[in-house]
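J.: Contents of upload_11.txt (compact mmCIF, C-alpha atoms):
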# COMPACT_ATOMS: atom_id res chain seq x y z
CA MET A 1 155.11 131.54 43.37
CA ALA A 2 156.00 135.17 42.69
CA THR A 3 158.06 135.79 39.59
CA SER A 4 160.72 138.45 39.31
CA LYS A 5 158.22 140.43 37.27
CA ASP A 6 155.66 140.17 40.09
CA LEU A 7 158.24 141.30 42.64
CA PHE A 8 159.37 144.20 40.49
CA ALA A 9 155.76 145.23 39.87
CA ALA A 10 155.01 145.10 43.59
CA ARG A 11 157.95 147.34 44.39
CA VAL A 12 156.95 149.80 41.72
CA LEU A 13 153.37 149.95 42.91
CA ALA A 14 154.53 150.47 46.49
CA ILE A 15 156.18 153.77 45.51
CA LEU A 16 153.73 154.83 42.84
CA GLY A 17 152.38 157.58 45.08
CA PRO A 18 155.75 159.24 45.74
CA LEU A 19 156.76 158.80 42.08
CA HIS A 20 153.58 160.52 40.99
CA GLY A 21 154.04 163.25 43.62
CA VAL A 22 157.56 164.08 42.50
CA ALA A 23 156.51 163.89 38.84
CA ARG A 24 153.78 166.45 39.48
CA ARG A 25 156.22 168.80 41.19
CA LEU A 26 158.71 168.44 38.34
CA THR A 27 156.28 168.88 35.47
CA LYS A 28 153.73 171.16 37.18
CA ASN A 29 151.18 169.56 34.88
CA ASP A 30 148.97 166.56 35.69
CA ALA A 31 148.93 165.06 32.21
CA ASP A 32 152.70 165.39 31.80
CA ALA A 33 153.20 163.90 35.25
CA GLU A 34 151.21 160.81 34.33
CA ASP A 35 153.14 160.41 31.08
CA LEU A 36 156.39 160.82 33.01
CA VAL A 37 155.47 158.15 35.56
CA ALA A 38 154.40 155.67 32.88
CA GLU A 39 157.57 156.25 30.85
CA THR A 40 159.72 156.00 33.99
CA ILE A 41 158.28 152.62 34.90
CA SER A 42 158.76 151.33 31.36
CA ARG A 43 162.37 152.46 31.35
CA ALA A 44 162.95 151.02 34.82
CA TRP A 45 161.76 147.60 33.70
CA ARG A 46 164.06 147.71 30.67
CA ALA A 47 166.97 148.82 32.86
CA ARG A 48 166.28 146.43 35.76
CA ALA A 49 169.62 144.68 35.31
CA SER A 50 171.33 147.91 36.43
CA LEU A 51 169.63 147.76 39.83
CA ALA A 52 172.49 146.52 41.97
CA ASP A 53 171.03 146.60 45.46
CA GLY A 54 167.46 146.10 46.68
CA GLY A 55 167.86 148.77 49.32
CA ALA A 56 168.57 151.43 46.68
CA PHE A 57 165.35 150.84 44.77
CA ARG A 58 163.71 154.13 45.70
CA ALA A 59 166.74 156.23 44.74
CA TRP A 60 167.12 154.21 41.54
CA MET A 61 163.50 154.83 40.53
CA PHE A 62 163.71 158.55 41.33
CA ARG A 63 166.90 158.74 39.30
CA ILE A 64 165.17 157.25 36.29
CA LEU A 65 162.24 159.60 36.84
CA ASN A 66 164.48 162.68 36.98
CA ASN A 67 166.58 161.59 33.99
CA THR A 68 163.46 160.83 31.98
CA PHE A 69 162.06 164.24 32.83
CA LEU A 70 165.30 165.97 31.75
CA SER A 71 165.62 164.00 28.51
CA GLU A 72 161.99 164.62 27.58
CA ARG A 73 162.49 168.30 28.19
CA ARG A 74 165.64 168.37 26.08
CA LYS A 75 163.69 166.72 23.28
CA ALA A 76 161.12 169.46 23.55
CA SER A 77 164.02 171.93 23.12
CA VAL A 78 162.93 173.95 26.13
CA ARG A 79 165.87 175.18 28.14
CA PRO A 80 164.89 177.73 30.74
CA ARG A 81 167.45 180.29 31.78
CA GLU A 82 167.20 178.93 35.28
CA GLU A 83 169.41 176.00 34.24
CA LEU A 84 172.29 178.45 33.95
CA LEU A 85 172.09 179.01 37.69
CA VAL A 86 173.07 175.47 38.69
CA ASP A 87 175.62 175.64 41.47
CA GLU A 88 176.59 179.14 40.47
CA GLY A 89 174.86 180.71 43.45
CA ILE A 90 174.15 183.73 41.28
CA GLU A 91 171.28 184.88 43.42
CA ASP A 92 172.99 183.69 46.62
CA ASP A 93 169.59 182.67 47.99
CA GLY A 94 171.30 180.25 50.36
CA ARG A 95 171.71 183.16 52.74
CA PHE A 96 168.06 184.21 52.86
CA SER A 97 166.46 183.28 56.16
CA ILE A 98 162.92 184.00 57.27
CA PHE A 99 164.07 183.40 60.83
CA GLU A 100 166.67 186.17 60.62
CA ARG A 101 164.07 188.51 59.13
CA LEU A 102 161.60 187.95 61.96
CA HIS A 103 163.35 186.72 65.07
CA GLN A 104 163.39 189.07 68.04
CA PRO A 105 165.62 187.69 70.79
CA VAL A 106 163.85 189.63 73.52
CA LEU A 107 160.63 187.71 73.01
CA LEU A 108 159.85 184.43 74.71
CA TRP A 109 160.30 181.40 72.51
CA PHE A 110 156.60 180.70 72.18
CA ALA A 111 154.31 182.86 70.05
CA THR A 112 157.32 184.43 68.34
CA PRO A 113 156.99 186.21 65.00
CA GLU A 114 158.74 183.39 63.18
CA GLN A 115 156.42 180.77 64.69
CA GLN A 116 153.43 182.92 63.83
CA PHE A 117 154.75 183.18 60.30
CA LEU A 118 154.81 179.39 60.00
CA ASP A 119 151.33 179.19 61.47
CA SER A 120 150.07 181.68 58.90
CA LEU A 121 151.38 179.70 55.93
CA LEU A 122 148.74 178.01 53.87
CA ARG A 123 149.32 174.78 52.04
CA GLU A 124 148.89 176.75 48.81
CA ASP A 125 151.76 179.04 49.84
CA LEU A 126 154.09 176.07 50.16
CA ASP A 127 152.91 174.59 46.87
CA ARG A 128 153.33 177.92 45.12
CA ALA A 129 156.79 178.48 46.60
CA LEU A 130 157.95 175.02 45.55
CA ALA A 131 156.61 175.49 42.05
CA ALA A 132 158.43 178.82 41.76
CA LEU A 133 161.83 177.30 42.49
CA PRO A 134 164.22 176.62 39.61
CA GLU A 135 164.15 172.92 38.77
CA HIS A 136 167.59 172.09 40.14
CA TYR A 137 166.56 173.57 43.50
CA ARG A 138 163.03 172.22 43.41
CA ILE A 139 164.12 168.62 42.95
CA VAL A 140 166.48 168.60 45.96
CA VAL A 141 163.92 170.22 48.27
CA VAL A 142 161.17 167.89 47.10
CA LEU A 143 163.36 164.82 47.54
CA ALA A 144 164.72 165.90 50.94
CA ASP A 145 161.84 167.70 52.61
CA VAL A 146 158.69 166.46 50.91
CA GLU A 147 159.72 162.86 50.27
CA GLY A 148 162.23 162.47 53.11
CA LEU A 149 165.14 160.99 51.19
CA LYS A 150 168.53 160.90 52.89
CA TYR A 151 171.50 162.75 51.43
CA GLY A 152 173.01 159.51 50.10
CA GLU A 153 169.79 158.65 48.28
CA ILE A 154 169.56 162.14 46.80
CA ALA A 155 173.19 161.88 45.71
CA GLU A 156 172.38 158.64 43.95
CA THR A 157 169.20 160.02 42.42
CA LEU A 158 170.91 163.09 40.98
CA ASP A 159 174.32 161.47 40.38
CA ILE A 160 176.13 164.12 42.38
CA PRO A 161 178.43 163.89 45.42
CA VAL A 162 176.89 164.07 48.90
CA GLY A 163 178.78 167.31 49.50
CA THR A 164 177.03 168.83 46.49
CA VAL A 165 173.69 167.62 47.86
CA ARG A 166 174.36 169.49 51.11
CA SER A 167 175.38 172.74 49.45
CA ARG A 168 172.65 172.66 46.83
CA LEU A 169 170.04 171.84 49.44
CA ALA A 170 171.19 174.75 51.61
CA ARG A 171 170.89 177.14 48.66
CA ALA A 172 167.58 175.62 47.60
CA ARG A 173 166.12 176.06 51.07
CA GLY A 174 167.29 179.67 51.10
CA ALA A 175 165.60 180.21 47.75
CA LEU A 176 162.44 178.52 49.04
CA GLN A 177 162.37 180.76 52.11
CA ARG A 178 162.84 183.81 49.93
CA THR A 179 159.87 182.77 47.81
CA LEU A 180 157.76 181.91 50.86
CA TRP A 181 158.56 185.32 52.27
CA ASP A 182 157.46 187.03 49.04
CA VAL A 183 154.32 184.90 48.84
CA ALA A 184 153.39 185.70 52.43
CA GLN A 185 154.09 189.41 52.00
CA ALA A 186 151.86 189.44 48.94
CA ARG A 187 149.10 188.02 51.16
CA GLY A 188 149.63 190.80 53.66
CA VAL A 189 151.50 188.94 56.45
CA GLN A 190 152.60 191.64 58.87
CA ARG A 191 156.26 192.49 59.25
CA PRO A 192 157.34 192.83 62.88
CA ARG A 193 157.42 196.36 64.24
CA ALA A 194 160.94 197.71 64.76
CA GLY A 195 162.11 197.57 68.39
CA GLY A 196 160.17 194.47 69.43
CA ALA A 197 156.67 193.92 70.77
CA MET B 1 187.78 172.05 76.96
CA PRO B 2 188.49 169.35 74.37
CA GLY B 3 185.62 167.11 73.34
CA HIS B 4 182.81 168.66 75.35
CA GLY B 5 183.26 172.43 75.09
CA ASP B 6 180.51 174.55 73.55
CA ILE B 7 180.86 174.67 69.77
CA GLY B 8 179.41 178.17 69.56
CA CYS B 9 176.66 179.62 67.43
CA GLU B 10 178.54 179.76 64.13
CA GLU B 11 179.38 176.06 64.17
CA ALA B 12 175.96 175.09 65.49
CA LEU B 13 174.22 177.00 62.71
CA LYS B 14 176.40 175.33 60.09
CA ARG B 15 175.22 171.95 61.32
CA LEU B 16 171.59 172.74 62.11
CA LEU B 17 170.06 171.65 58.83
CA ALA B 18 172.06 168.42 58.79
CA LEU B 19 170.88 167.79 62.37
CA ILE B 20 167.26 168.24 61.34
CA ASP B 21 167.87 166.00 58.31
CA GLY B 22 169.28 163.29 60.58
CA GLU B 23 172.63 163.39 58.79
CA LEU B 24 175.01 164.12 61.67
CA SER B 25 177.18 161.63 63.48
CA GLU B 26 176.27 160.94 67.10
CA GLU B 27 179.13 163.13 68.32
CA GLU B 28 178.20 166.03 66.02
CA ARG B 29 174.58 165.71 67.08
CA ASP B 30 175.52 165.80 70.76
CA ASP B 31 177.66 168.91 70.15
CA VAL B 32 174.77 170.77 68.53
CA GLN B 33 172.23 169.65 71.10
CA ARG B 34 174.56 170.70 73.89
CA HIS B 35 174.77 174.16 72.33
CA VAL B 36 171.05 174.66 71.73
CA ARG B 37 170.38 173.77 75.36
CA ILE B 38 172.26 176.90 76.38
CA CYS B 39 171.53 179.20 73.42
CA ARG B 40 167.93 180.31 73.06
CA SER B 41 168.50 181.93 69.68
CA CYS B 42 169.97 178.81 68.13
CA PHE B 43 167.28 176.71 69.78
CA SER B 44 164.61 178.96 68.26
CA ARG B 45 166.29 178.74 64.86
CA MET B 46 166.40 174.96 65.09
CA GLU B 47 162.72 174.81 65.99
CA PHE B 48 161.82 177.10 63.10
CA GLU B 49 163.73 175.06 60.52
CA ARG B 50 162.35 171.82 61.96
CA ARG B 51 158.77 173.06 61.80
CA LEU B 52 159.21 174.32 58.25
CA LYS B 53 160.51 170.93 57.20
CA GLN B 54 157.57 169.27 58.95
CA ARG B 55 155.15 171.49 57.00
CA LEU B 56 156.79 170.43 53.75
CA SER B 57 156.79 166.74 54.66
CA ALA B 58 153.11 167.00 55.58
CA LEU B 59 152.09 168.33 52.17
CA PRO B 60 149.48 165.89 50.98
CA ALA B 61 150.71 163.87 48.04
CA GLY B 62 147.27 163.55 46.55
CA ASP B 63 145.76 160.29 45.42
CA VAL B 64 147.18 158.54 42.42
CA PRO B 65 144.48 159.02 39.77
CA GLU B 66 142.60 155.87 38.91
CA ALA B 67 143.36 156.38 35.23
CA LEU B 68 147.08 156.37 36.01
CA ARG B 69 146.74 153.20 38.07
CA ARG B 70 145.03 151.46 35.16
CA ARG B 71 147.67 152.77 32.79
CA ILE B 72 150.47 151.43 35.01
CA ASP B 73 148.70 148.08 35.25
CA ASP B 74 148.80 147.95 31.45
CA VAL B 75 152.50 148.88 31.45
CA ILE B 76 153.21 146.09 33.92
CA LYS B 77 151.20 143.56 31.90
CA GLY B 78 153.49 144.41 29.02
CA PHE B 79 156.67 143.61 30.99
Before we go any further, please render this structure as structure tokens.
T.:
Amino acid sequence: MATSKDLFAARVLAILGPLHGVARRLTKNDADAEDLVAETISRAWRARASLADGGAFRAWMFRILNNTFLSERRKASVRPREELLVDEGIEDDGRFSIFERLHQPVLLWFATPEQQFLDSLLREDLDRALAALPEHYRIVVVLADVEGLKYGEIAETLDIPVGTVRSRLARARGALQRTLWDVAQARGVQRPRAGGA
Amino acid sequence: MPGHGDIGCEEALKRLLALIDGELSEEERDDVQRHVRICRSCFSRMEFERRLKQRLSALPAGDVPEALRRRIDDVIKGF
């Protein structure tokens, strides 16, 4: 008969892959990611009484992961300037859109510049663009777009209102597109000629 | 026309990402889908954002290293 420890362990192991994936994107370092995952699971076990609802397990684990990452970083006394940009929209990257840079309404919807841009993206471009995001943007994009969490789960993970998830995600995606654009330009992706094809 | 008029590009664009994220109500979703059926530009924008999200979701997670699995097994044994 399965004990509560067995059940907890089974649930943890079922999301070990996503936990490790998010840890790698947060730490950008394999060894640190492994330490983070191990510490997260230890803390989760100790805090298991705070898990109110079985359906919220994934968000609860990601919350512990993110909080553990932040507290470990505070201990290391590393505080990147990027933290100062939280919700301040200083760079206003939420408005950057690759689509608006490339779209030409006169063209047919297939084989358009923006579709070709997506086709030209390498996996490494996406990895590099994600890694270049400030942490508070990176975590929302990773949770929403890489791991597929819903807004409510992200809100629970980051302990922010759903409205803040929406606005931060919009800005984060704008920042990601800006970085993807820069990465692609550096690789020599052609800009569309003025005046259409 | 109340209820089923076209919401226009500005409103559709505001809701596009939430549509792609599956976070709209049924009515809001219908409003946006009604608009993109008649607006090629917004349809193209929706397809672009949807494909970008698909590329991100398809990023391979990578295997969990065997050493980490063993380490987690040890953590669990210590529960």
J.: Neighbouring residues of Val75 (chain B) were defined as those with any atom within 8 Å, considering only C-alpha atoms; residues of the same chain fewer than 2 positions away were excluded. Please report them as a compact mmCIF listing (two decimals) with C-alpha atoms, in the frame of the given file.
T.:
# COMPACT_ATOMS: atom_id res chain seq x y z
CA ALA A 38 154.40 155.67 32.88
CA ILE A 41 158.28 152.62 34.90
CA SER A 42 158.76 151.33 31.36
CA ARG B 71 147.67 152.77 32.79
CA ILE B 72 150.47 151.43 35.01
CA ASP B 73 148.70 148.08 35.25
CA LYS B 77 151.20 143.56 31.90
CA GLY B 78 153.49 144.41 29.02
CA PHE B 79 156.67 143.61 30.99
J.: So that all listed atoms of region 10-19 of chain B fit with 3 Å spare on each side, what axis-aligned box centre and edge lengths in Å, to one decimal, would you give as JSON?
T.:
{"center_x": 174.7, "center_y": 173.8, "center_z": 62.1, "size_x": 15.3, "size_y": 18.0, "size_z": 12.7}
J.: CA of Ile15 (chain A) to CA of Thr68 (chain A): how many Å, to one decimal?
T.: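 If I compute the distance from CA of Ile15 (chain A) to CA of Thr68 (chain A), I get 16.9 Å.
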J.: Suppose you want the space between CA of Asp6 (chain B) and CA of His35 (chain B); what is it in Å?
T.: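 Pair CA of Asp6 (chain B) / CA of His35 (chain B) returns 5.9 Å.
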J.: Taking all atoms listed in the file into account, find every residue of chain A that has an atom no more than 6 Å from chain B, and write it out as number ranges by chain.
T.: A: 17, 21, 145-146
J.: Give as a count of residues only each residue that has an atom at most 8 Å from (158.8, 168.2, 45.8) in the file, counting all atoms listed in the file.
T.: 14
J.: Mind giving me the straight-line distance from CA of Arg166 (chain A) to CA of Leu133 (chain A) in Å, one decimal?
T.: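 CA of Leu133 (chain A) lies at a distance of 17.1 Å from CA of Arg166 (chain A).
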J.: Taking into account all atoms listed in the file, which residue in the set A:Ala44, A:Val106, A:Ala14, A:Leu7 is nearest to Phe62 (chain A)?
T.: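 The answer is A:Ala44, which sits nearest to Phe62 (chain A).
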J.: So that I can see what lies close to region 30-32 of chain B, please list as a list in words the residues with an atom at most 9 Å from it, counting all atoms listed in the file and leaving out residues fewer than 5 positions away in the same chain.
T.: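 Near neighbours after the sequence-gap exclusion: Gly3, His4, Gly5, Asp6, Ile7, Gly8, Glu11, Ala12, Leu13, Arg15, Leu16, Leu19, Ser25 and Arg37 of chain B.
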